[in-house]
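Peer 1: Below is work03.txt; it holds compact mmCIF, C-alpha atoms and all ligand atoms.
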```
# COMPACT_ATOMS: atom_id res chain seq x y z
CA MET E 27 -17.68 24.55 -11.94
CA ASP E 28 -16.12 22.08 -9.48
CA PRO E 29 -16.82 18.41 -10.25
CA ARG E 30 -19.11 16.50 -7.87
CA VAL E 31 -17.02 14.12 -5.75
CA GLU E 32 -19.12 11.28 -4.35
CA GLN E 33 -18.51 8.32 -2.09
CA LEU E 34 -18.28 4.98 -3.94
CA ASP E 35 -19.61 1.68 -2.61
CA ALA E 36 -19.05 -1.99 -3.40
CA ARG E 37 -21.23 -1.76 -6.55
CA GLU E 38 -18.38 0.26 -8.06
CA ILE E 39 -15.64 -2.39 -7.63
CA ASP E 40 -15.67 -3.39 -11.32
CA GLY E 41 -15.75 0.28 -12.34
CA ILE E 42 -12.62 0.97 -10.26
CA VAL E 43 -10.83 -2.10 -11.68
CA ASP E 44 -11.68 -0.81 -15.18
CA LEU E 45 -10.46 2.70 -14.28
CA SER E 46 -7.17 1.26 -12.96
CA GLN E 47 -6.70 -0.71 -16.20
CA SER E 48 -7.06 2.54 -18.18
CA VAL E 49 -3.78 3.75 -16.58
CA GLY E 50 -2.04 0.35 -16.89
CA TRP E 51 -2.52 -0.85 -13.30
CA ASP E 52 -3.66 -4.38 -12.50
CA TYR E 53 -5.86 -4.21 -9.40
CA ALA E 54 -7.79 -7.39 -8.62
CA PRO E 55 -11.42 -6.96 -7.49
CA ALA E 56 -10.36 -8.45 -4.11
CA GLU E 57 -7.90 -5.59 -3.59
CA ILE E 58 -10.62 -3.00 -4.18
CA ALA E 59 -12.99 -4.94 -1.89
CA THR E 60 -10.34 -4.72 0.86
CA ALA E 61 -10.05 -0.97 0.21
CA MET E 62 -13.84 -0.61 0.56
CA ALA E 63 -13.84 -2.63 3.81
CA ALA E 64 -10.91 -0.73 5.31
CA GLY E 65 -11.60 2.83 4.19
CA THR E 66 -13.51 5.22 1.97
CA MET E 67 -13.34 5.43 -1.82
CA VAL E 68 -14.49 8.58 -3.59
CA GLY E 69 -14.94 9.30 -7.28
CA VAL E 70 -16.13 11.58 -10.06
CA ARG E 71 -18.45 10.38 -12.84
CA ASP E 72 -19.10 11.55 -16.38
CA SER E 73 -22.61 12.55 -17.49
CA ALA E 74 -23.37 8.91 -18.39
CA GLY E 75 -22.42 7.70 -14.89
CA GLY E 76 -19.07 6.17 -15.87
CA LEU E 77 -16.14 6.67 -13.48
CA LEU E 78 -13.59 9.29 -14.56
CA ALA E 79 -11.55 9.45 -11.35
CA CYS E 80 -11.22 7.86 -7.93
CA ALA E 81 -9.14 8.01 -4.73
CA GLY E 82 -9.15 6.15 -1.42
CA ILE E 83 -8.45 7.20 2.17
CA PHE E 84 -7.76 4.74 4.99
CA LEU E 85 -8.23 6.22 8.46
CA TYR E 86 -6.24 4.79 11.36
CA PRO E 87 -6.36 6.34 14.85
CA SER E 88 -3.38 8.68 14.38
CA LEU E 89 -2.65 8.35 10.65
CA ALA E 90 -4.48 8.47 7.31
CA SER E 91 -3.12 6.60 4.29
CA LEU E 92 -4.10 7.90 0.85
CA GLY E 93 -3.96 5.89 -2.36
CA LEU E 94 -5.69 4.59 -5.48
CA VAL E 95 -5.60 8.10 -6.98
CA ILE E 96 -6.50 7.47 -10.61
CA VAL E 97 -7.84 9.69 -13.41
CA ARG E 98 -8.85 8.20 -16.77
CA PRO E 99 -6.19 9.32 -19.33
CA GLU E 100 -8.64 11.28 -21.50
CA ALA E 101 -9.84 13.23 -18.40
CA GLN E 102 -6.38 14.07 -16.99
CA GLY E 103 -5.11 17.65 -16.65
CA ARG E 104 -8.54 19.09 -15.80
CA GLY E 105 -8.19 19.16 -12.01
CA LEU E 106 -10.02 15.87 -11.27
CA GLY E 107 -6.96 14.38 -9.54
CA ARG E 108 -6.74 17.46 -7.33
CA HIS E 109 -10.44 17.30 -6.44
CA VAL E 110 -10.57 13.61 -5.46
CA THR E 111 -7.31 13.95 -3.49
CA ALA E 112 -8.56 17.07 -1.68
CA ALA E 113 -11.82 15.27 -0.78
CA CYS E 114 -9.79 12.46 0.81
CA VAL E 115 -7.55 14.90 2.71
CA GLU E 116 -10.69 16.53 4.12
CA LEU E 117 -11.96 13.14 5.37
CA ALA E 118 -8.64 12.68 7.20
CA GLY E 119 -9.53 15.56 9.57
CA ASP E 120 -6.43 16.66 11.47
CA ARG E 121 -4.53 13.36 11.08
CA PRO E 122 -1.21 13.35 9.26
CA VAL E 123 -1.76 11.94 5.73
CA VAL E 124 0.79 9.69 4.05
CA LEU E 125 1.05 8.34 0.48
CA ALA E 126 3.47 6.69 -1.92
CA ALA E 127 3.79 8.87 -5.03
CA THR E 128 4.18 7.98 -8.68
CA GLU E 129 6.14 10.37 -10.92
CA ALA E 130 2.80 11.50 -12.40
CA GLY E 131 1.27 12.12 -8.99
CA ARG E 132 4.13 14.00 -7.32
CA PRO E 133 3.39 17.54 -8.69
CA LEU E 134 -0.24 17.20 -7.64
CA TYR E 135 0.68 16.24 -4.07
CA GLU E 136 3.33 18.96 -3.81
CA ARG E 137 0.73 21.49 -4.86
CA LEU E 138 -1.54 20.25 -2.06
CA GLY E 139 1.23 20.75 0.53
CA PHE E 140 2.71 17.24 0.83
CA HIS E 141 6.45 16.85 1.59
CA THR E 142 8.71 13.89 0.88
CA VAL E 143 9.49 12.11 4.18
CA GLY E 144 11.14 8.89 3.02
CA THR E 145 11.31 6.30 0.25
CA LEU E 146 10.33 2.72 -0.50
CA HIS E 147 12.28 0.16 -2.53
CA LYS E 148 9.67 -1.31 -4.90
CA MET E 149 11.09 -4.66 -5.98
CA PHE E 150 10.09 -7.62 -8.18
CA ALA E 151 11.46 -11.17 -8.49
CA ALA E 152 10.91 -13.55 -11.41
CA THR E 153 12.41 -16.43 -9.42
CA TRP E 154 13.44 -16.93 -5.80
CA THR E 155 16.59 -18.68 -4.55
CA PRO E 156 15.71 -20.22 -1.16
CA ILE E 157 17.88 -19.51 1.89
CA ASP E 158 19.20 -22.11 4.33
CA GLN E 159 16.51 -21.64 6.98
CA SER E 160 17.88 -21.21 10.50
CA VAL E 161 14.65 -19.68 11.84
CA THR E 162 11.56 -21.82 12.47
CA VAL E 163 8.74 -20.25 10.49
CA ALA E 164 5.23 -21.56 11.19
CA ASP E 165 2.39 -21.74 8.68
CA GLY E 166 -0.54 -19.49 9.55
CA LEU E 167 -0.93 -16.57 11.95
CA PRO E 168 -1.31 -16.28 15.68
CA ASP E 169 -4.73 -15.04 16.73
CA GLN E 170 -5.84 -11.83 15.06
CA VAL E 171 -5.39 -9.70 18.18
CA GLN E 172 -1.67 -10.56 18.42
CA THR E 173 -1.21 -9.84 14.72
CA ILE E 174 -2.97 -6.47 15.04
CA ASP E 175 -0.81 -5.59 18.08
CA LEU E 176 2.46 -6.45 16.31
CA ASP E 177 1.40 -4.45 13.26
CA ALA E 178 0.33 -1.50 15.43
CA ALA E 179 3.71 -1.38 17.19
CA ALA E 180 5.48 -1.52 13.81
CA LEU E 181 3.39 1.23 12.18
CA GLY E 182 2.83 3.36 15.28
CA THR E 183 -0.97 3.16 15.00
CA SER E 184 -3.51 0.35 14.98
CA ARG E 185 -5.44 -0.70 11.86
CA ALA E 186 -7.74 -3.52 12.93
CA ALA E 187 -10.35 -3.16 10.16
CA PHE E 188 -7.73 -3.13 7.44
CA LEU E 189 -5.86 -6.15 8.85
CA ALA E 190 -9.05 -8.19 9.27
CA ALA E 191 -9.89 -7.58 5.60
CA ARG E 192 -6.29 -8.22 4.51
CA ILE E 193 -6.00 -11.48 6.44
CA ALA E 194 -9.26 -12.68 4.85
CA GLN E 195 -7.93 -11.69 1.40
CA ALA E 196 -4.45 -13.22 1.90
CA CYS E 197 -3.53 -16.41 0.04
CA ASP E 198 -0.69 -17.26 2.44
CA HIS E 199 0.40 -16.35 6.01
CA VAL E 200 3.43 -17.22 8.13
CA SER E 201 4.68 -16.30 11.61
CA VAL E 202 7.62 -16.71 13.99
CA ARG E 203 7.52 -17.34 17.75
CA ASP E 204 10.14 -16.78 20.42
CA GLY E 205 11.29 -19.43 22.91
CA ALA E 206 8.32 -18.68 25.18
CA GLY E 207 5.83 -19.27 22.36
CA GLU E 208 5.02 -15.57 21.91
CA THR E 209 4.57 -14.53 18.29
CA VAL E 210 7.27 -11.99 17.40
CA GLY E 211 6.82 -11.66 13.63
CA PHE E 212 4.42 -12.36 10.77
CA ALA E 213 4.05 -11.91 7.02
CA LEU E 214 1.15 -12.09 4.57
CA ALA E 215 0.91 -12.61 0.82
CA VAL E 216 -1.93 -11.59 -1.50
CA GLN E 217 -2.35 -12.64 -5.10
CA ALA E 218 -2.63 -9.83 -7.68
CA PRO E 219 -3.49 -10.70 -11.30
CA GLU E 220 0.14 -11.06 -12.40
CA VAL E 221 2.20 -11.07 -9.24
CA ARG E 222 2.13 -12.33 -5.65
CA VAL E 223 2.58 -9.39 -3.27
CA ILE E 224 4.41 -10.03 0.02
CA GLY E 225 3.53 -7.66 2.89
CA PRO E 226 3.21 -6.54 5.53
CA VAL E 227 6.33 -8.17 6.94
CA VAL E 228 6.72 -7.38 10.67
CA SER E 229 9.74 -8.79 12.44
CA GLN E 230 12.32 -8.08 15.17
CA ASP E 231 15.29 -8.11 12.79
CA ALA E 232 16.26 -8.32 9.12
CA GLY E 233 17.35 -11.97 9.34
CA THR E 234 13.93 -13.04 10.61
CA ALA E 235 12.22 -10.84 8.02
CA LEU E 236 14.21 -12.64 5.30
CA ALA E 237 13.16 -16.00 6.76
CA LEU E 238 9.48 -14.94 6.64
CA VAL E 239 9.82 -13.78 3.00
CA ASP E 240 11.62 -17.02 2.14
CA ALA E 241 8.84 -19.15 3.61
CA LEU E 242 6.24 -17.35 1.45
CA ALA E 243 8.41 -17.11 -1.68
CA ARG E 244 9.74 -20.67 -1.82
CA ARG E 245 6.28 -22.23 -2.21
CA HIS E 246 5.18 -19.86 -4.97
CA GLY E 247 6.71 -20.53 -8.36
CA GLY E 248 5.65 -17.23 -9.97
CA ARG E 249 6.49 -13.56 -9.93
CA LEU E 250 6.83 -11.74 -6.59
CA ARG E 251 6.62 -8.13 -5.44
CA ILE E 252 7.67 -6.48 -2.19
CA ASP E 253 7.87 -2.80 -1.10
CA VAL E 254 10.54 -2.32 1.58
CA PRO E 255 11.04 0.97 3.52
CA SER E 256 14.46 2.06 2.20
CA GLU E 257 16.02 2.33 5.67
CA HIS E 258 16.00 -1.48 5.82
CA ASN E 259 18.91 -1.67 3.40
CA GLY E 260 20.16 -4.94 4.95
CA LEU E 261 16.92 -6.66 3.86
CA VAL E 262 17.02 -4.94 0.46
CA GLU E 263 20.51 -6.33 -0.19
CA ALA E 264 19.56 -9.81 1.02
CA LEU E 265 16.50 -9.83 -1.27
CA GLN E 266 18.60 -8.70 -4.22
CA ALA E 267 20.99 -11.60 -3.58
CA ARG E 268 17.99 -14.01 -3.77
CA GLY E 269 16.43 -12.77 -7.03
CA PHE E 270 14.65 -9.47 -6.35
CA VAL E 271 15.43 -6.55 -8.68
CA LEU E 272 14.80 -2.89 -7.84
CA ASP E 273 12.00 -1.48 -10.02
CA ARG E 274 11.84 2.05 -8.60
CA ILE E 275 12.62 4.07 -5.50
CA VAL E 276 9.20 5.48 -4.56
CA PRO E 277 8.89 8.78 -2.65
CA VAL E 278 6.75 8.61 0.49
CA MET E 279 5.03 11.97 0.96
CA ALA E 280 3.15 13.36 3.94
CA LEU E 281 0.91 16.20 4.97
CA ARG E 282 1.54 17.33 8.61
CA PRO E 283 4.77 15.25 8.66
CA GLU E 284 5.70 16.48 12.15
CA ARG E 285 2.75 14.49 13.52
CA LEU E 286 3.47 11.17 11.81
CA PRO E 287 3.34 8.28 14.31
CA GLN E 288 6.69 6.66 14.99
CA GLY E 289 6.80 2.91 14.51
CA ASN E 290 9.32 0.74 16.36
CA GLY E 291 11.44 -0.15 13.31
CA THR E 292 9.97 -3.65 12.84
CA ARG E 293 8.00 -2.94 9.63
CA PHE E 294 10.23 -4.56 6.99
CA ALA E 295 7.66 -4.44 4.18
CA ILE E 296 4.49 -2.41 3.78
CA ALA E 297 1.16 -4.08 2.95
CA ALA E 298 0.60 -2.04 -0.22
CA GLN E 299 1.23 1.54 -1.26
CA ALA E 300 -2.41 2.55 -0.69
CA PHE E 301 -2.65 1.12 2.83
CA GLY E 302 0.85 1.78 4.21
C1 LIG M 401 -1.58 11.63 -11.23
C2 LIG M 401 -2.99 11.88 -11.73
C3 LIG M 401 -3.96 11.27 -10.72
C4 LIG M 401 -3.22 13.39 -11.83
O1 LIG M 401 -4.57 13.63 -12.14
P1 LIG M 401 -5.02 14.88 -13.02
O2 LIG M 401 -6.49 14.96 -12.96
O3 LIG M 401 -4.40 14.80 -14.36
O4 LIG M 401 -4.32 16.07 -12.20
P2 LIG M 401 -4.91 17.52 -12.05
O5 LIG M 401 -5.40 17.98 -13.37
O6 LIG M 401 -5.86 17.56 -10.91
O7 LIG M 401 -3.59 18.29 -11.65
C5 LIG M 401 -3.36 18.62 -10.30
C6 LIG M 401 -2.32 19.71 -10.20
O8 LIG M 401 -1.03 19.15 -10.39
C7 LIG M 401 -0.29 19.98 -11.28
N1 LIG M 401 0.34 19.11 -12.25
C8 LIG M 401 -0.20 18.03 -12.83
N2 LIG M 401 0.72 17.47 -13.65
C9 LIG M 401 1.82 18.22 -13.58
C10 LIG M 401 3.09 18.16 -14.18
N3 LIG M 401 3.41 17.19 -15.05
N4 LIG M 401 4.00 19.10 -13.87
C11 LIG M 401 3.69 20.08 -12.99
N5 LIG M 401 2.50 20.19 -12.40
C12 LIG M 401 1.58 19.28 -12.69
C13 LIG M 401 -1.21 20.89 -11.99
O9 LIG M 401 -0.67 22.19 -11.87
C14 LIG M 401 -2.49 20.79 -11.25
O10 LIG M 401 -2.71 21.96 -10.55
P3 LIG M 401 -3.93 22.91 -11.04
O11 LIG M 401 -5.17 22.09 -10.86
O12 LIG M 401 -3.85 24.07 -10.15
O13 LIG M 401 -3.64 23.21 -12.47
C15 LIG M 401 -3.23 11.24 -13.12
O14 LIG M 401 -2.22 11.68 -13.97
C16 LIG M 401 -3.23 9.71 -13.13
O15 LIG M 401 -4.24 9.07 -12.91
N6 LIG M 401 -2.07 9.09 -13.41
C17 LIG M 401 -1.93 7.66 -13.44
C18 LIG M 401 -2.10 7.03 -12.06
C19 LIG M 401 -1.19 7.66 -11.03
O16 LIG M 401 0.01 7.77 -11.22
N7 LIG M 401 -1.79 8.05 -9.90
C20 LIG M 401 -1.08 8.69 -8.78
C21 LIG M 401 -0.81 7.70 -7.75
S1 LIG M 401 0.27 8.35 -6.51
```
Go ahead and render the structure in this file as structure tokens.
Ligand SMILES: CC(C)(COP(=O)(O)OP(=O)(O)OC[C@H]1O[C@@H](n2cnc3c(N)ncnc32)[C@H](O)[C@@H]1OP(=O)(O)O)[C@@H](O)C(=O)NCCC(=O)NCCS

Peer 2:
Amino acid sequence: MDPRVEQLDAREIDGIVDLSQSVGWDYAPAEIATAMAAGTMVGVRDSAGGLLACAGIFLYPSLASLGLVIVRPEAQGRGLGRHVTAACVELAGDRPVVLAATEAGRPLYERLGFHTVGTLHKMFAATWTPIDQSVTVADGLPDQVQTIDLDAAALGTSRAAFLAARIAQACDHVSVRDGAGETVGFALAVQAPEVRVIGPVVSQDAGTALALVDALARRHGGRLRIDVPSEHNGLVEALQARGFVLDRIVPVMALRPERLPQGNGTRFAIAAQAFG
């Protein structure tokens, strides 16, 4: 018999954090709260009501981002991953669906018809060597509408609800203006339990993206993470020269890849693998 896949609400945040810890992931409750605010989480329970599996789908106008696919180790290999993923794909309607795959997840997504369409450089830094700043980076963001517009041009689709939740969650924000005072780039940072995650980074060029990362990194003494679309190899190399080390090249997979929205090339770091 197929398992019952149900929608999860904010009462389940601690249950999802606990489920993520069972597979060695370190989601903070704030990250799951953002997921709940920006999209839909589904799950499967055991007979006692405990969570065995979950997945999340984040619907943007012309794109759906899938993530947080987790099955408790003792319940893996029984089709639960397939069921929660399929439920999310159904919620996406006819949108193209994109995700960043782990090694463990890849066979499941291939079986559901996903194809690899690109890669991310997932990188960590224990320390950061500051650059000589030639770009003036301002603390804080422009108004939310400008930020949403810049992000929408970068991604190829707008995600206002996600960004509002992400900006509220962020522990640090920076932006860059052009000579006319128009904001032309921004970057956010959120604090995970053991690492500060930088992203999204939206910017006209790699040099300005590096300046935005530098502004966030130089005032945080601890560990950093960033996920850079691999085509931005100039930024990848600059980050490696300043202390970042490649952890893994992550496949980006998509369903209906021919309909993926085209961004304008200014997305130098994603927000997080679940959200794009
Ligand atoms: C990845 C994960 C979600 C899979 O969940 P699961 O419940 O074990 O997967 P399922 O049992 O639904 O398997 C789905 C399909 O993938 C296939 N599959 C799974 N593992 C496979 C493997 N190692 N090799 C080949 N095929 C595999 C199976 O054939 C299965 O198809 P079937 O249902 O027709 O038999 C689970 O292993 C997990 O939580 N891992 C840790 C977190 C993680 O990496 N999440 C993925 C994020 S992208």

Peer 1: Would you mind telling me which residue in E:Gln299, E:Gln217, E:Ala194, E:Glu263 lies nearest to ligand LIG 401 (chain M) when using only C-alpha atoms and all ligand atoms?

Peer 2: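 The shortest atom-to-atom distance to ligand LIG 401 (chain M) comes from E:Gln299.
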
Peer 1: Find the residues with any atom within 6 Å of (10.6, -15.2, -7.5); use only C-alpha atoms and the coordinates as given in the file, and write the answer as number ranges by chain.

Peer 2: E: 151-154, 248-250

Peer 1: Which one is closest to ligand LIG 401 (chain M): E:Pro219, E:Gly103, E:Pro287, E:Gly302? Count all atoms listed in the file.

Peer 2: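 Between E:Pro219, E:Gly103, E:Pro287, E:Gly302, the residue approaching ligand LIG 401 (chain M) most closely is E:Gly103.
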
Peer 1: Excluding Arg192 of chain E and any residue of its chain fewer than 5 positions from it, enumerate the residues within 10 Å of it, using all atoms listed in the file, and give them as a PyMOL selection string.

Peer 2: chain E and resi 56-57+59-61+63-64+186-187+197+214-216+225-226+297

Peer 1: Please identify all protein, DNA and RNA residues within 6 Å of ligand LIG 401 (chain M), counting all atoms listed in the file, and report them as JSON, numbers by chain.

Peer 2: {"E": [49, 95, 96, 97, 102, 103, 104, 105, 106, 107, 108, 126, 127, 128, 130, 131, 133, 134]}

Peer 1: So what do you get for atom CA of Leu272 of chain E versus atom CA of Pro255 of chain E, distance-wise?

Peer 2: 12.6 Å

Peer 1: Interatomic distance between atom CA of Val70 of chain E and atom CA of Glu136 of chain E?

Peer 2: 21.7 Å

Peer 1: With only C-alpha atoms as the atoms that count, which of E:Leu181, E:Ala232, E:Leu92, E:Ile83 lies nearest to Val161 of chain E?

Peer 2: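 Ranked by minimum distance to Val161 of chain E, first place goes to E:Ala232.
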
Peer 1: Between atom CA of Arg30 of chain E and atom CA of Ser91 of chain E, what is the distance in Å, rounded to a tenth?

Peer 2: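 We find that atom CA of Arg30 of chain E and atom CA of Ser91 of chain E lie 22.4 Å from each other.
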
Peer 1: Is it possible to get the residues within 6 Å of (9.4, 1.8, -1.3) (coordinates as in the file, counting all atoms listed in the file) written as a list in words?

Peer 2: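 Output of the proximity query reads Thr145, Leu146, His147, Lys148, Asp253, Val254, Pro255, Ile275 and Val276 of chain E.
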
Peer 1: For the residues in the current selection, export C-alpha atoms as a JSON list (two decimals), in the coordinates of the input.

Peer 2:
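Contents of the output file out30.json:
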```json
[["chain", "number", "residue", "atom", "x", "y", "z"],
["E", 145, "THR", "CA", 11.31, 6.30, 0.25],
["E", 146, "LEU", "CA", 10.33, 2.72, -0.50],
["E", 147, "HIS", "CA", 12.28, 0.16, -2.53],
["E", 148, "LYS", "CA", 9.67, -1.31, -4.90],
["E", 253, "ASP", "CA", 7.87, -2.80, -1.10],
["E", 254, "VAL", "CA", 10.54, -2.32, 1.58],
["E", 255, "PRO", "CA", 11.04, 0.97, 3.52],
["E", 275, "ILE", "CA", 12.62, 4.07, -5.50],
["E", 276, "VAL", "CA", 9.20, 5.48, -4.56]]
```

Peer 1: If we count only C-alpha atoms and set the cut-off at 9 Å, which residues sit around Ser201 of chain E, ignoring sequence neighbours fewer than 6 positions away in its own chain? Please answer as an mmCIF file with C-alpha atoms, in the coordinates of the input.

Peer 2:
```
data_model
loop_
_atom_site.group_PDB
_atom_site.id
_atom_site.type_symbol
_atom_site.label_atom_id
_atom_site.label_comp_id
_atom_site.auth_asym_id
_atom_site.auth_seq_id
_atom_site.Cartn_x
_atom_site.Cartn_y
_atom_site.Cartn_z
ATOM 1 C CA THR E 162 11.560 -21.820 12.470
ATOM 2 C CA VAL E 163 8.740 -20.250 10.490
ATOM 3 C CA ALA E 164 5.230 -21.560 11.190
ATOM 4 C CA ASP E 165 2.390 -21.740 8.680
ATOM 5 C CA GLY E 166 -0.540 -19.490 9.550
ATOM 6 C CA LEU E 167 -0.930 -16.570 11.950
ATOM 7 C CA PRO E 168 -1.310 -16.280 15.680
ATOM 8 C CA THR E 209 4.570 -14.530 18.290
ATOM 9 C CA VAL E 210 7.270 -11.990 17.400
ATOM 10 C CA GLY E 211 6.820 -11.660 13.630
ATOM 11 C CA PHE E 212 4.420 -12.360 10.770
ATOM 12 C CA ALA E 213 4.050 -11.910 7.020
ATOM 13 C CA LEU E 214 1.150 -12.090 4.570
ATOM 14 C CA LEU E 238 9.480 -14.940 6.640
#
```

Peer 1: With all atoms listed in the file as the basis for distance, which of E:Met67, E:Ile296, E:Met27, E:Leu78 is at the shortest distance from Ser48 of chain E?

Peer 2: E:Leu78

Peer 1: Please list as a short mmCIF file (atom, residue, chain, number, x, y, z; two decimals) with C-alpha atoms, in the coordinates of the input every residue within 12 Å of Asp158 of chain E, counting all atoms listed in the file and excluding residues in the same chain fewer than 3 positions away.

Peer 2:
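File produced: selection_4.cif:
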```
data_model
loop_
_atom_site.label_atom_id
_atom_site.label_comp_id
_atom_site.auth_asym_id
_atom_site.auth_seq_id
_atom_site.Cartn_x
_atom_site.Cartn_y
_atom_site.Cartn_z
CA THR E 155 16.59 -18.68 -4.55
CA VAL E 161 14.65 -19.68 11.84
CA THR E 162 11.56 -21.82 12.47
CA GLY E 233 17.35 -11.97 9.34
CA LEU E 236 14.21 -12.64 5.30
CA ALA E 237 13.16 -16.00 6.76
CA ASP E 240 11.62 -17.02 2.14
CA ALA E 241 8.84 -19.15 3.61
CA ARG E 244 9.74 -20.67 -1.82
CA ARG E 268 17.99 -14.01 -3.77
#
```

Peer 1: Could you write segment 65-86 of chain E as an mmCIF file, in the coordinates of the input, with N, CA and C atoms rebuilt where they are missing?

Peer 2:
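Output file result.cif follows:
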```
data_model
loop_
_atom_site.group_PDB
_atom_site.id
_atom_site.type_symbol
_atom_site.label_atom_id
_atom_site.label_comp_id
_atom_site.auth_asym_id
_atom_site.auth_seq_id
_atom_site.Cartn_x
_atom_site.Cartn_y
_atom_site.Cartn_z
ATOM 1 N N GLY E 65 -11.616 1.370 4.288
ATOM 2 C CA GLY E 65 -11.600 2.830 4.190
ATOM 3 C C GLY E 65 -12.709 3.355 3.323
ATOM 4 N N THR E 66 -12.492 4.547 2.779
ATOM 5 C CA THR E 66 -13.510 5.220 1.970
ATOM 6 C C THR E 66 -12.942 5.495 0.585
ATOM 7 N N MET E 67 -13.710 5.118 -0.439
ATOM 8 C CA MET E 67 -13.340 5.430 -1.820
ATOM 9 C C MET E 67 -14.266 6.550 -2.314
ATOM 10 N N VAL E 68 -13.676 7.519 -2.990
ATOM 11 C CA VAL E 68 -14.490 8.580 -3.590
ATOM 12 C C VAL E 68 -14.218 8.615 -5.091
ATOM 13 N N GLY E 69 -15.137 9.250 -5.840
ATOM 14 C CA GLY E 69 -14.940 9.300 -7.280
ATOM 15 C C GLY E 69 -15.726 10.416 -7.939
ATOM 16 N N VAL E 70 -15.416 10.613 -9.218
ATOM 17 C CA VAL E 70 -16.130 11.580 -10.060
ATOM 18 C C VAL E 70 -16.617 10.819 -11.296
ATOM 19 N N ARG E 71 -17.867 11.066 -11.687
ATOM 20 C CA ARG E 71 -18.450 10.380 -12.840
ATOM 21 C C ARG E 71 -18.625 11.330 -14.027
ATOM 22 N N ASP E 72 -18.720 10.755 -15.213
ATOM 23 C CA ASP E 72 -19.100 11.550 -16.380
ATOM 24 C C ASP E 72 -20.620 11.627 -16.449
ATOM 25 N N SER E 73 -21.160 12.323 -17.453
ATOM 26 C CA SER E 73 -22.610 12.550 -17.490
ATOM 27 C C SER E 73 -23.381 11.246 -17.682
ATOM 28 N N ALA E 74 -22.696 10.192 -18.209
ATOM 29 C CA ALA E 74 -23.370 8.910 -18.390
ATOM 30 C C ALA E 74 -23.237 8.005 -17.165
ATOM 31 N N GLY E 75 -22.555 8.497 -16.124
ATOM 32 C CA GLY E 75 -22.420 7.700 -14.890
ATOM 33 C C GLY E 75 -21.138 6.888 -14.823
ATOM 34 N N GLY E 76 -20.326 6.927 -15.893
ATOM 35 C CA GLY E 76 -19.070 6.170 -15.870
ATOM 36 C C GLY E 76 -18.028 6.861 -14.991
ATOM 37 N N LEU E 77 -17.147 6.084 -14.380
ATOM 38 C CA LEU E 77 -16.140 6.670 -13.480
ATOM 39 C C LEU E 77 -15.006 7.311 -14.267
ATOM 40 N N LEU E 78 -14.716 8.577 -13.937
ATOM 41 C CA LEU E 78 -13.590 9.290 -14.560
ATOM 42 C C LEU E 78 -12.383 9.321 -13.637
ATOM 43 N N ALA E 79 -12.647 9.294 -12.318
ATOM 44 C CA ALA E 79 -11.550 9.450 -11.350
ATOM 45 C C ALA E 79 -11.953 8.813 -10.040
ATOM 46 N N CYS E 80 -10.944 8.360 -9.273
ATOM 47 C CA CYS E 80 -11.220 7.860 -7.930
ATOM 48 C C CYS E 80 -10.005 8.115 -7.033
ATOM 49 N N ALA E 81 -10.222 7.967 -5.724
ATOM 50 C CA ALA E 81 -9.140 8.010 -4.730
ATOM 51 C C ALA E 81 -9.668 7.333 -3.475
ATOM 52 N N GLY E 82 -8.747 6.840 -2.653
ATOM 53 C CA GLY E 82 -9.150 6.150 -1.420
ATOM 54 C C GLY E 82 -8.404 6.700 -0.217
ATOM 55 N N ILE E 83 -9.083 6.734 0.928
ATOM 56 C CA ILE E 83 -8.450 7.200 2.170
ATOM 57 C C ILE E 83 -8.729 6.161 3.258
ATOM 58 N N PHE E 84 -7.682 5.799 3.982
ATOM 59 C CA PHE E 84 -7.760 4.740 4.990
ATOM 60 C C PHE E 84 -7.402 5.378 6.327
ATOM 61 N N LEU E 85 -8.389 5.468 7.203
ATOM 62 C CA LEU E 85 -8.230 6.220 8.460
ATOM 63 C C LEU E 85 -7.857 5.287 9.594
ATOM 64 N N TYR E 86 -6.680 5.498 10.163
ATOM 65 C CA TYR E 86 -6.240 4.790 11.360
ATOM 66 C C TYR E 86 -6.284 5.817 12.494
#
```
